[in-house]
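Q: Here's a structure for you.
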Amino acid sequence: MTFLYILLALAVLLVLITVHELGHYIAGKIFGFQINEFAIGFGPAIYKHTNKKTGEVFSIRALPLGGYCAFEGEDEENPNPKAFNNMAPWKRLIVLVSGVLFNFIFGIITAAIFLMVNGYGVPKITDFSPNNYNDGLLKKGDVILAVTEKR
């Protein structure tokens with residue numbers, strides 16, 4: 001059972017990483033950055049696909065503990081006008097922040113879907129402690145809809 005929980009945790013982590021990196025990728029495409037590779041995971045590539053039009057490489061790698069979206073000219077000076085360091089600072093900032101923003105939006109959407117499917121739970125009285133001071137106000141099966149300052 002523990003092994004299944006580890007697999008589930010890795011699957012959830014991969015979804016979060018993919019959403020995060022997708023945020024960087026989409027923002028980069030919108031603003032015209034040259035993207036060299038979009039990868040999920042680290043280490044040797046298990047699967048690789050190269051887009052023939054743009055030259056972008058999409059890969060899934062062996063270690064599912066991260067990912068990256070490699071932009072042209074991210075680490076060095078590059079004469080390419082579409083290189084990361086040659087773009088306007090406000091565009092670079094949006095590309096950098098978009099990963100976190102996508103995770104935030106994904107969390108809101110996931111929570112909304114969860115609540116729509118499962119609904120909200122309401123507190124229901126199931127039992128009383130032996131020394132309760134209820135005075136018969138509450139009974140087993142009562143549902144608490146609101147709490148006020150009155151006693």
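The chains in the structure tokens are called A, B, ... from first to last as shown; in each chain the residues are counted from 1, and the ligands are counted from 1 in the order shown.
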List as a PDB file with N, CA and C atoms, in the first residue's frame the protein and nucleic acid residues near A:Ile94, meaning an atom at most 12 Å away when only C-alpha atoms are counted, but skip any in the same chain fewer than 2 places from it.
A:
```
ATOM      1  N   GLY A  23       2.916  26.842 -17.895  1.00  0.00           N
ATOM      2  CA  GLY A  23       2.741  28.286 -17.712  1.00  0.00           C
ATOM      3  C   GLY A  23       3.887  29.067 -18.332  1.00  0.00           C
ATOM      4  N   HIS A  24       5.120  28.642 -18.054  1.00  0.00           N
ATOM      5  CA  HIS A  24       6.283  29.295 -18.662  1.00  0.00           C
ATOM      6  C   HIS A  24       6.234  29.173 -20.186  1.00  0.00           C
ATOM      7  N   TYR A  25       5.904  27.973 -20.662  1.00  0.00           N
ATOM      8  CA  TYR A  25       5.905  27.701 -22.104  1.00  0.00           C
ATOM      9  C   TYR A  25       4.871  28.573 -22.827  1.00  0.00           C
ATOM     10  N   ILE A  26       3.649  28.600 -22.334  1.00  0.00           N
ATOM     11  CA  ILE A  26       2.579  29.365 -22.999  1.00  0.00           C
ATOM     12  C   ILE A  26       2.896  30.850 -22.994  1.00  0.00           C
ATOM     13  N   ALA A  27       3.363  31.375 -21.865  1.00  0.00           N
ATOM     14  CA  ALA A  27       3.724  32.800 -21.808  1.00  0.00           C
ATOM     15  C   ALA A  27       4.876  33.098 -22.767  1.00  0.00           C
ATOM     16  N   GLY A  28       5.849  32.199 -22.829  1.00  0.00           N
ATOM     17  CA  GLY A  28       6.969  32.380 -23.750  1.00  0.00           C
ATOM     18  C   GLY A  28       6.518  32.392 -25.202  1.00  0.00           C
ATOM     19  N   LYS A  29       5.587  31.505 -25.543  1.00  0.00           N
ATOM     20  CA  LYS A  29       5.060  31.471 -26.915  1.00  0.00           C
ATOM     21  C   LYS A  29       4.268  32.741 -27.231  1.00  0.00           C
ATOM     22  N   ILE A  30       3.468  33.202 -26.289  1.00  0.00           N
ATOM     23  CA  ILE A  30       2.662  34.414 -26.505  1.00  0.00           C
ATOM     24  C   ILE A  30       3.555  35.611 -26.789  1.00  0.00           C
ATOM     25  N   PHE A  31       4.658  35.736 -26.054  1.00  0.00           N
ATOM     26  CA  PHE A  31       5.535  36.897 -26.204  1.00  0.00           C
ATOM     27  C   PHE A  31       6.654  36.699 -27.218  1.00  0.00           C
ATOM     28  N   PHE A  33       9.195  34.339 -27.445  1.00  0.00           N
ATOM     29  CA  PHE A  33      10.494  33.826 -27.037  1.00  0.00           C
ATOM     30  C   PHE A  33      10.811  32.567 -27.843  1.00  0.00           C
ATOM     31  N   PHE A  84      16.022  34.892 -24.626  1.00  0.00           N
ATOM     32  CA  PHE A  84      15.423  35.314 -23.364  1.00  0.00           C
ATOM     33  C   PHE A  84      16.006  36.641 -22.879  1.00  0.00           C
ATOM     34  N   MET A  87      14.896  40.019 -24.665  1.00  0.00           N
ATOM     35  CA  MET A  87      13.501  40.469 -24.608  1.00  0.00           C
ATOM     36  C   MET A  87      13.352  41.551 -23.540  1.00  0.00           C
ATOM     37  N   ALA A  88      12.251  42.299 -23.627  1.00  0.00           N
ATOM     38  CA  ALA A  88      11.978  43.366 -22.656  1.00  0.00           C
ATOM     39  C   ALA A  88      11.850  42.773 -21.250  1.00  0.00           C
ATOM     40  N   PRO A  89      12.348  43.498 -20.244  1.00  0.00           N
ATOM     41  CA  PRO A  89      12.287  42.987 -18.868  1.00  0.00           C
ATOM     42  C   PRO A  89      10.866  42.631 -18.412  1.00  0.00           C
ATOM     43  N   TRP A  90       9.868  43.404 -18.807  1.00  0.00           N
ATOM     44  CA  TRP A  90       8.498  43.107 -18.377  1.00  0.00           C
ATOM     45  C   TRP A  90       8.004  41.791 -18.985  1.00  0.00           C
ATOM     46  N   LYS A  91       8.449  41.464 -20.198  1.00  0.00           N
ATOM     47  CA  LYS A  91       8.080  40.185 -20.808  1.00  0.00           C
ATOM     48  C   LYS A  91       8.748  39.029 -20.063  1.00  0.00           C
ATOM     49  N   ARG A  92      10.018  39.205 -19.714  1.00  0.00           N
ATOM     50  CA  ARG A  92      10.736  38.168 -18.979  1.00  0.00           C
ATOM     51  C   ARG A  92      10.084  37.921 -17.619  1.00  0.00           C
ATOM     52  N   LEU A  96       8.460  34.452 -16.209  1.00  0.00           N
ATOM     53  CA  LEU A  96       8.919  33.832 -14.964  1.00  0.00           C
ATOM     54  C   LEU A  96       7.784  33.632 -13.964  1.00  0.00           C
ATOM     55  N   VAL A  97       6.875  34.585 -13.861  1.00  0.00           N
ATOM     56  CA  VAL A  97       5.778  34.518 -12.895  1.00  0.00           C
ATOM     57  C   VAL A  97       4.661  33.587 -13.360  1.00  0.00           C
ATOM     58  N   SER A  98       4.574  33.364 -14.658  1.00  0.00           N
ATOM     59  CA  SER A  98       3.447  32.597 -15.192  1.00  0.00           C
ATOM     60  C   SER A  98       3.405  31.150 -14.708  1.00  0.00           C
ATOM     61  N   GLY A  99       4.533  30.562 -14.369  1.00  0.00           N
ATOM     62  CA  GLY A  99       4.536  29.198 -13.838  1.00  0.00           C
ATOM     63  C   GLY A  99       3.774  29.120 -12.524  1.00  0.00           C
ATOM     64  N   VAL A 100       4.080  30.031 -11.623  1.00  0.00           N
ATOM     65  CA  VAL A 100       3.388  30.072 -10.328  1.00  0.00           C
ATOM     66  C   VAL A 100       1.916  30.427 -10.524  1.00  0.00           C
ATOM     67  N   LEU A 101       1.649  31.350 -11.427  1.00  0.00           N
ATOM     68  CA  LEU A 101       0.276  31.753 -11.699  1.00  0.00           C
ATOM     69  C   LEU A 101      -0.551  30.573 -12.216  1.00  0.00           C
ATOM     70  N   PHE A 102       0.012  29.767 -13.102  1.00  0.00           N
ATOM     71  CA  PHE A 102      -0.696  28.591 -13.614  1.00  0.00           C
ATOM     72  C   PHE A 102      -0.975  27.591 -12.486  1.00  0.00           C
TER      73      PHE A 102
END
```
Q: Can you pull out every residue from stretch 12-110 of chain A that DSSP, working from the backbone, puts in strand (DSSP E or B), and format the result as number ranges by chain?
A: A: 35-50, 57-71
Q: Residues within 10 Å of A:Lys48, please, as a list of chain:residue names. Count only C-alpha atoms; anything in the same chain fewer than 6 positions from it doesn't count.
A: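 The residues that qualify are A:Glu37, A:Phe38, A:Ala39, A:Val57, A:Phe58, A:Ser59, A:Ile60, A:Arg61.
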Q: Output the selection as a JSON list (two decimals), in the first residue's frame - N, CA and C atoms for each residue.
A:
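To be explicit, this is the file written out as out_5.json:
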```json
[["chain", "number", "residue", "atom", "x", "y", "z"],
["A", 37, "GLU", "N", 13.59, 23.67, -25.47],
["A", 37, "GLU", "CA", 13.11, 22.38, -24.98],
["A", 37, "GLU", "C", 12.10, 22.57, -23.87],
["A", 38, "PHE", "N", 11.09, 21.71, -23.87],
["A", 38, "PHE", "CA", 10.10, 21.60, -22.81],
["A", 38, "PHE", "C", 10.22, 20.19, -22.26],
["A", 39, "ALA", "N", 10.67, 20.06, -21.01],
["A", 39, "ALA", "CA", 10.94, 18.74, -20.45],
["A", 39, "ALA", "C", 10.24, 18.55, -19.12],
["A", 57, "VAL", "N", 12.09, 20.87, -28.75],
["A", 57, "VAL", "CA", 12.15, 19.48, -28.32],
["A", 57, "VAL", "C", 11.22, 19.31, -27.12],
["A", 58, "PHE", "N", 10.34, 18.32, -27.19],
["A", 58, "PHE", "CA", 9.47, 17.96, -26.08],
["A", 58, "PHE", "C", 9.96, 16.62, -25.55],
["A", 59, "SER", "N", 10.25, 16.54, -24.24],
["A", 59, "SER", "CA", 10.80, 15.31, -23.70],
["A", 59, "SER", "C", 10.23, 14.95, -22.35],
["A", 60, "ILE", "N", 10.19, 13.64, -22.11],
["A", 60, "ILE", "CA", 9.87, 13.10, -20.79],
["A", 60, "ILE", "C", 11.13, 12.39, -20.34],
["A", 61, "ARG", "N", 11.57, 12.70, -19.13],
["A", 61, "ARG", "CA", 12.87, 12.21, -18.66],
["A", 61, "ARG", "C", 12.71, 11.22, -17.51]]
```
Q: Which residues of stretch 26-137 of chain A have any atom within 8 Å of an atom in stretch 11-19 of chain A when counting only C-alpha atoms, and what is the closest pair of atoms for each, with the distance in Å to one decimal? Order the rows by chain and rising number and write it as CSV.
A:
```
residue,atom,partner,partner_atom,distance
A:Ile40,CA,A:Thr18,CA,6.5
A:Pro64,CA,A:Leu14,CA,6.5
A:Leu65,CA,A:Leu14,CA,7.4
A:Gly66,CA,A:Ile17,CA,6.3
A:Gly67,CA,A:Ile17,CA,6.5
A:Gly99,CA,A:Val19,CA,7.4
A:Phe102,CA,A:Val19,CA,6.4
A:Asn103,CA,A:Val19,CA,6.2
A:Phe106,CA,A:Val19,CA,7.5
```
Q: Keeping only C-alpha atoms, take the residues you just selected and write them out as a PDB file, in the first residue's frame.
A:
```pdb
ATOM      1  CA  ILE A  40       9.176  16.940 -17.652  1.00  0.00           C
ATOM      2  CA  PRO A  64      10.119  12.592 -12.264  1.00  0.00           C
ATOM      3  CA  LEU A  65      11.243  15.183  -9.724  1.00  0.00           C
ATOM      4  CA  GLY A  66      11.203  18.379 -11.762  1.00  0.00           C
ATOM      5  CA  GLY A  67      11.130  19.802 -15.220  1.00  0.00           C
ATOM      6  CA  GLY A  99       4.536  29.198 -13.838  1.00  0.00           C
ATOM      7  CA  PHE A 102      -0.696  28.591 -13.614  1.00  0.00           C
ATOM      8  CA  ASN A 103      -0.246  26.512 -10.431  1.00  0.00           C
ATOM      9  CA  PHE A 106      -4.919  25.096 -11.363  1.00  0.00           C
TER      10      PHE A 106
END
```
Q: Kindly give the distance, in Å, that separates atom CA of A:Ile105 and atom CA of A:Lys82, rounded to a single decimal.
A: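 Pair atom CA of A:Ile105 / atom CA of A:Lys82 returns 27.7 Å.
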Q: Which residues come within 12 Å of stretch 115-123 of chain A, counting only C-alpha atoms, excluding same-chain residues fewer than 6 positions away, as a PDB file with C-alpha atoms, in the first residue's frame?
A:
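Just written: part.pdb:
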```
ATOM      1  CA  ILE A 108      -8.563  27.065  -7.772  1.00  0.00           C
ATOM      2  CA  ILE A 109      -9.990  25.027 -10.664  1.00  0.00           C
ATOM      3  CA  LYS A 140     -27.953  12.836  17.972  1.00  0.00           C
ATOM      4  CA  GLY A 141     -28.455  13.441  14.248  1.00  0.00           C
ATOM      5  CA  ASP A 142     -28.785  17.248  14.531  1.00  0.00           C
ATOM      6  CA  VAL A 143     -27.005  19.232  11.820  1.00  0.00           C
ATOM      7  CA  ILE A 144     -25.216  22.451  12.757  1.00  0.00           C
ATOM      8  CA  LEU A 145     -25.992  25.130  10.172  1.00  0.00           C
ATOM      9  CA  ALA A 146     -24.721  28.238  11.991  1.00  0.00           C
ATOM     10  CA  VAL A 147     -22.950  29.241  15.168  1.00  0.00           C
TER      11      VAL A 147
END
```
Q: Rounded to one decimal place, report the atom CA of A:Ala70-atom CA of A:Tyr47 distance in Å.
A: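 These atoms are spaced 16.7 Å apart.
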Q: Between atom CA of A:Glu72 and atom CA of A:Gly55, what is the distance in Å, rounded to a tenth?
A: 11.5 Å
Q: Pick the closest to A:Asn36 from A:Tyr133, A:Ala83, A:Ile113, A:Met1: which is it, counting only C-alpha atoms?
A: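 Closest residue, counting only C-alpha atoms: A:Ala83.
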Q: Give the answer as one residue: which of A:Thr110, A:Val95, A:Phe104, A:Thr126 has the shortest atom-to-atom distance to A:Phe71, using only C-alpha atoms?
A: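 Nearest candidate to A:Phe71 out of A:Thr110, A:Val95, A:Phe104, A:Thr126: A:Val95.
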Q: Name the residues of chain A that come out as helix (DSSP H, G or I) in a backbone DSSP run; write them as JSON, numbers by chain.
A: {"A": [2, 3, 4, 5, 6, 7, 8, 9, 10, 11, 12, 13, 14, 15, 16, 17, 18, 19, 20, 21, 22, 23, 24, 25, 26, 27, 28, 29, 30, 84, 85, 86, 89, 90, 91, 92, 93, 94, 95, 96, 97, 98, 99, 100, 101, 102, 103, 104, 105, 106, 107, 108, 109, 110, 111, 112, 113, 114, 115, 116, 117, 118]}
